[in-house]
Amino acid sequence: MNSKALLITGSSRGIGAATAVLAAARGWDVAVNYLNNRAAAEDVVNRARSFGIVAKAIQGDIGSSNDVSHLFKEVDRVFG
């Protein structure tokens with residue numbers, strides 16, 4: 001487990017996906033948040049993992065306080 005972990009919301013595509021992959025390339029573990037497109041999020045996770053880091057796709061709507069709570073609980077569980 002890496003001591004550097006990053007949760008990136010909306011990271012299944014676009015700028016968020018590029019940020020997740022760049023962070024992974026620089027040694028950060030990444031939590032890839034997505035709303036609907038699990039396949040795109042898993043693609044980002046796979047690209048990130050190619051750099052030897054821990055990556056996890058986590059579904060959640062950041063407009064929902066329950067989902068945000070779930071996101072942080074899952075980040076704590078996976079990344080410590």
# chains A, B, ... in the order shown; residues from 1 in each chain; ligands from 1
>>> residues_around(residues="region 76-80 of chain A", least_positions_apart="5", cutoff="9 Å", atoms="only C-alpha atoms", output="PDB file with N, CA, C and O atoms, in the first residue's frame")
ATOM      1  N   MET A   1       0.839  -1.184   0.000  1.00  0.00           N
ATOM      2  CA  MET A   1       0.000   0.000   0.000  1.00  0.00           C
ATOM      3  C   MET A   1       0.883   1.246   0.000  1.00  0.00           C
ATOM      4  O   MET A   1       1.827   1.354   0.756  1.00  0.00           O
ATOM      5  N   ASN A   2       0.559   2.162  -0.844  1.00  0.00           N
ATOM      6  CA  ASN A   2       1.269   3.419  -0.994  1.00  0.00           C
ATOM      7  C   ASN A   2       0.770   4.399   0.067  1.00  0.00           C
ATOM      8  O   ASN A   2      -0.388   4.377   0.438  1.00  0.00           O
ATOM      9  N   SER A   3       1.607   5.299   0.531  1.00  0.00           N
ATOM     10  CA  SER A   3       1.163   6.301   1.495  1.00  0.00           C
ATOM     11  C   SER A   3       0.492   7.483   0.812  1.00  0.00           C
ATOM     12  O   SER A   3      -0.059   8.347   1.477  1.00  0.00           O
ATOM     13  N   LYS A   4       0.532   7.513  -0.515  1.00  0.00           N
ATOM     14  CA  LYS A   4      -0.090   8.608  -1.261  1.00  0.00           C
ATOM     15  C   LYS A   4      -1.290   8.058  -2.028  1.00  0.00           C
ATOM     16  O   LYS A   4      -1.141   7.234  -2.923  1.00  0.00           O
ATOM     17  N   ALA A   5      -2.494   8.503  -1.650  1.00  0.00           N
ATOM     18  CA  ALA A   5      -3.707   8.075  -2.345  1.00  0.00           C
ATOM     19  C   ALA A   5      -4.528   9.303  -2.694  1.00  0.00           C
ATOM     20  O   ALA A   5      -4.562  10.279  -1.952  1.00  0.00           O
ATOM     21  N   ASP A  29      -1.545   6.126  -5.616  1.00  0.00           N
ATOM     22  CA  ASP A  29      -2.681   5.217  -5.713  1.00  0.00           C
ATOM     23  C   ASP A  29      -3.902   6.071  -6.035  1.00  0.00           C
ATOM     24  O   ASP A  29      -3.985   7.222  -5.576  1.00  0.00           O
ATOM     25  N   VAL A  30      -4.837   5.538  -6.813  1.00  0.00           N
ATOM     26  CA  VAL A  30      -5.973   6.363  -7.224  1.00  0.00           C
ATOM     27  C   VAL A  30      -7.314   5.664  -7.037  1.00  0.00           C
ATOM     28  O   VAL A  30      -7.462   4.486  -7.340  1.00  0.00           O
ATOM     29  N   ALA A  31      -8.259   6.438  -6.521  1.00  0.00           N
ATOM     30  CA  ALA A  31      -9.656   6.033  -6.455  1.00  0.00           C
ATOM     31  C   ALA A  31     -10.360   6.756  -7.594  1.00  0.00           C
ATOM     32  O   ALA A  31     -10.347   7.986  -7.660  1.00  0.00           O
ATOM     33  N   VAL A  54      -2.021   0.914  -6.717  1.00  0.00           N
ATOM     34  CA  VAL A  54      -3.347   0.395  -6.378  1.00  0.00           C
ATOM     35  C   VAL A  54      -4.375   1.364  -6.946  1.00  0.00           C
ATOM     36  O   VAL A  54      -4.255   2.585  -6.770  1.00  0.00           O
ATOM     37  N   ALA A  55      -5.367   0.831  -7.649  1.00  0.00           N
ATOM     38  CA  ALA A  55      -6.437   1.670  -8.195  1.00  0.00           C
ATOM     39  C   ALA A  55      -7.761   0.950  -8.010  1.00  0.00           C
ATOM     40  O   ALA A  55      -7.824  -0.274  -8.083  1.00  0.00           O
ATOM     41  N   LYS A  56      -8.811   1.717  -7.768  1.00  0.00           N
ATOM     42  CA  LYS A  56     -10.137   1.157  -7.535  1.00  0.00           C
ATOM     43  C   LYS A  56     -11.179   2.092  -8.111  1.00  0.00           C
ATOM     44  O   LYS A  56     -11.111   3.298  -7.911  1.00  0.00           O
ATOM     45  N   LEU A  71     -18.196   6.940  -0.647  1.00  0.00           N
ATOM     46  CA  LEU A  71     -16.915   7.118  -1.338  1.00  0.00           C
ATOM     47  C   LEU A  71     -15.765   7.138  -0.336  1.00  0.00           C
ATOM     48  O   LEU A  71     -14.763   6.430  -0.504  1.00  0.00           O
TER      49      LEU A  71
END
>>> residues_around(residues="region 33-37 of chain A", least_positions_apart="6", cutoff="8 Å", atoms="only C-alpha atoms", output="PDB file with N, CA and C atoms, in the first residue's frame")
ATOM      1  N   LEU A   7      -8.345  10.565  -4.377  1.00  0.00           N
ATOM      2  CA  LEU A   7      -9.702  10.337  -4.863  1.00  0.00           C
ATOM      3  C   LEU A   7      -9.996  11.409  -5.905  1.00  0.00           C
ATOM      4  N   ILE A   8     -10.315  10.975  -7.119  1.00  0.00           N
ATOM      5  CA  ILE A   8     -10.605  11.918  -8.190  1.00  0.00           C
ATOM      6  C   ILE A   8     -12.048  11.701  -8.609  1.00  0.00           C
ATOM      7  N   THR A   9     -12.886  12.719  -8.380  1.00  0.00           N
ATOM      8  CA  THR A   9     -14.282  12.607  -8.761  1.00  0.00           C
ATOM      9  C   THR A   9     -14.422  12.828 -10.262  1.00  0.00           C
ATOM     10  N   GLY A  10     -15.404  12.145 -10.840  1.00  0.00           N
ATOM     11  CA  GLY A  10     -15.640  12.277 -12.273  1.00  0.00           C
ATOM     12  C   GLY A  10     -14.442  11.856 -13.100  1.00  0.00           C
ATOM     13  N   SER A  11     -13.783  10.792 -12.679  1.00  0.00           N
ATOM     14  CA  SER A  11     -12.521  10.436 -13.337  1.00  0.00           C
ATOM     15  C   SER A  11     -12.632   9.277 -14.320  1.00  0.00           C
ATOM     16  N   SER A  12     -13.839   8.991 -14.777  1.00  0.00           N
ATOM     17  CA  SER A  12     -13.982   7.913 -15.759  1.00  0.00           C
ATOM     18  C   SER A  12     -13.734   8.396 -17.185  1.00  0.00           C
ATOM     19  N   ALA A  57     -12.137   1.530  -8.846  1.00  0.00           N
ATOM     20  CA  ALA A  57     -13.278   2.302  -9.340  1.00  0.00           C
ATOM     21  C   ALA A  57     -14.358   2.281  -8.264  1.00  0.00           C
ATOM     22  N   ILE A  58     -14.900   3.459  -7.954  1.00  0.00           N
ATOM     23  CA  ILE A  58     -15.932   3.561  -6.927  1.00  0.00           C
ATOM     24  C   ILE A  58     -17.088   4.387  -7.483  1.00  0.00           C
ATOM     25  N   GLN A  59     -18.257   3.770  -7.550  1.00  0.00           N
ATOM     26  CA  GLN A  59     -19.448   4.451  -8.060  1.00  0.00           C
ATOM     27  C   GLN A  59     -20.003   5.376  -6.992  1.00  0.00           C
ATOM     28  N   GLY A  60     -20.459   6.546  -7.414  1.00  0.00           N
ATOM     29  CA  GLY A  60     -21.096   7.465  -6.480  1.00  0.00           C
ATOM     30  C   GLY A  60     -21.401   8.800  -7.115  1.00  0.00           C
ATOM     31  N   ASP A  61     -22.492   9.401  -6.654  1.00  0.00           N
ATOM     32  CA  ASP A  61     -22.922  10.728  -7.095  1.00  0.00           C
ATOM     33  C   ASP A  61     -22.447  11.737  -6.055  1.00  0.00           C
ATOM     34  N   LEU A  71     -18.196   6.940  -0.647  1.00  0.00           N
ATOM     35  CA  LEU A  71     -16.915   7.118  -1.338  1.00  0.00           C
ATOM     36  C   LEU A  71     -15.765   7.138  -0.336  1.00  0.00           C
TER      37      LEU A  71
END
>>> select_by_dssp(residues="chain A", states="strand (DSSP E)", output="ChimeraX atom specification")
/A:5-8,29-34,55-59
>>> write_last_selection(atoms="N, CA and C atoms", output="tab-separated table (two decimals), in the first residue's frame")
chain	number	residue	atom	x	y	z
A	5	ALA	N	-2.49	8.50	-1.65
A	5	ALA	CA	-3.71	8.08	-2.34
A	5	ALA	C	-4.53	9.30	-2.69
A	6	LEU	N	-5.19	9.21	-3.84
A	6	LEU	CA	-5.92	10.34	-4.38
A	6	LEU	C	-7.30	9.87	-4.82
A	7	LEU	N	-8.35	10.56	-4.38
A	7	LEU	CA	-9.70	10.34	-4.86
A	7	LEU	C	-10.00	11.41	-5.90
A	8	ILE	N	-10.31	10.98	-7.12
A	8	ILE	CA	-10.60	11.92	-8.19
A	8	ILE	C	-12.05	11.70	-8.61
A	29	ASP	N	-1.55	6.13	-5.62
A	29	ASP	CA	-2.68	5.22	-5.71
A	29	ASP	C	-3.90	6.07	-6.04
A	30	VAL	N	-4.84	5.54	-6.81
A	30	VAL	CA	-5.97	6.36	-7.22
A	30	VAL	C	-7.31	5.66	-7.04
A	31	ALA	N	-8.26	6.44	-6.52
A	31	ALA	CA	-9.66	6.03	-6.45
A	31	ALA	C	-10.36	6.76	-7.59
A	32	VAL	N	-10.91	5.99	-8.51
A	32	VAL	CA	-11.56	6.52	-9.71
A	32	VAL	C	-13.06	6.56	-9.47
A	33	ASN	N	-13.59	7.75	-9.26
A	33	ASN	CA	-15.02	7.91	-9.03
A	33	ASN	C	-15.75	8.05	-10.35
A	34	TYR	N	-16.91	7.39	-10.44
A	34	TYR	CA	-17.75	7.50	-11.63
A	34	TYR	C	-19.20	7.49	-11.21
A	55	ALA	N	-5.37	0.83	-7.65
A	55	ALA	CA	-6.44	1.67	-8.20
A	55	ALA	C	-7.76	0.95	-8.01
A	56	LYS	N	-8.81	1.72	-7.77
A	56	LYS	CA	-10.14	1.16	-7.54
A	56	LYS	C	-11.18	2.09	-8.11
A	57	ALA	N	-12.14	1.53	-8.85
A	57	ALA	CA	-13.28	2.30	-9.34
A	57	ALA	C	-14.36	2.28	-8.26
A	58	ILE	N	-14.90	3.46	-7.95
A	58	ILE	CA	-15.93	3.56	-6.93
A	58	ILE	C	-17.09	4.39	-7.48
A	59	GLN	N	-18.26	3.77	-7.55
A	59	GLN	CA	-19.45	4.45	-8.06
A	59	GLN	C	-20.00	5.38	-6.99
>>> residues_around(residues="Arg13 (chain A)", least_positions_apart="5", cutoff="9 Å", atoms="only C-alpha atoms", output="ChimeraX atom specification")
/A:18,34,40-41,44
>>> closest_residue(among="A:Ser65, A:His70, A:Arg38, A:Leu22", to="Phe51 (chain A)", atoms="only C-alpha atoms")
A:Leu22
>>> closest_residue(among="A:Asn66, A:Lys73, A:Arg26, A:Val21", to="Asn46 (chain A)", atoms="only C-alpha atoms")
A:Val21
>>> atom_distance(atom1="CA of Gly52 (chain A)", atom2="CA of Thr19 (chain A)")
16.3 Å
>>> select_by_dssp(residues="region 11-58 of chain A", states="alpha helix (DSSP H)", output="list in words")
Gly14, Ile15, Gly16, Ala17, Ala18, Thr19, Ala20, Val21, Leu22, Ala23, Ala24, Ala25, Arg38, Ala39, Ala40, Ala41, Glu42, Asp43, Val44, Val45, Asn46, Arg47, Ala48 and Arg49 of chain A
>>> atom_distance(atom1="CA of Val45 (chain A)", atom2="CA of Glu74 (chain A)")
15.2 Å
>>> atom_distance(atom1="CA of Gly16 (chain A)", atom2="CA of Ala39 (chain A)")
15.0 Å
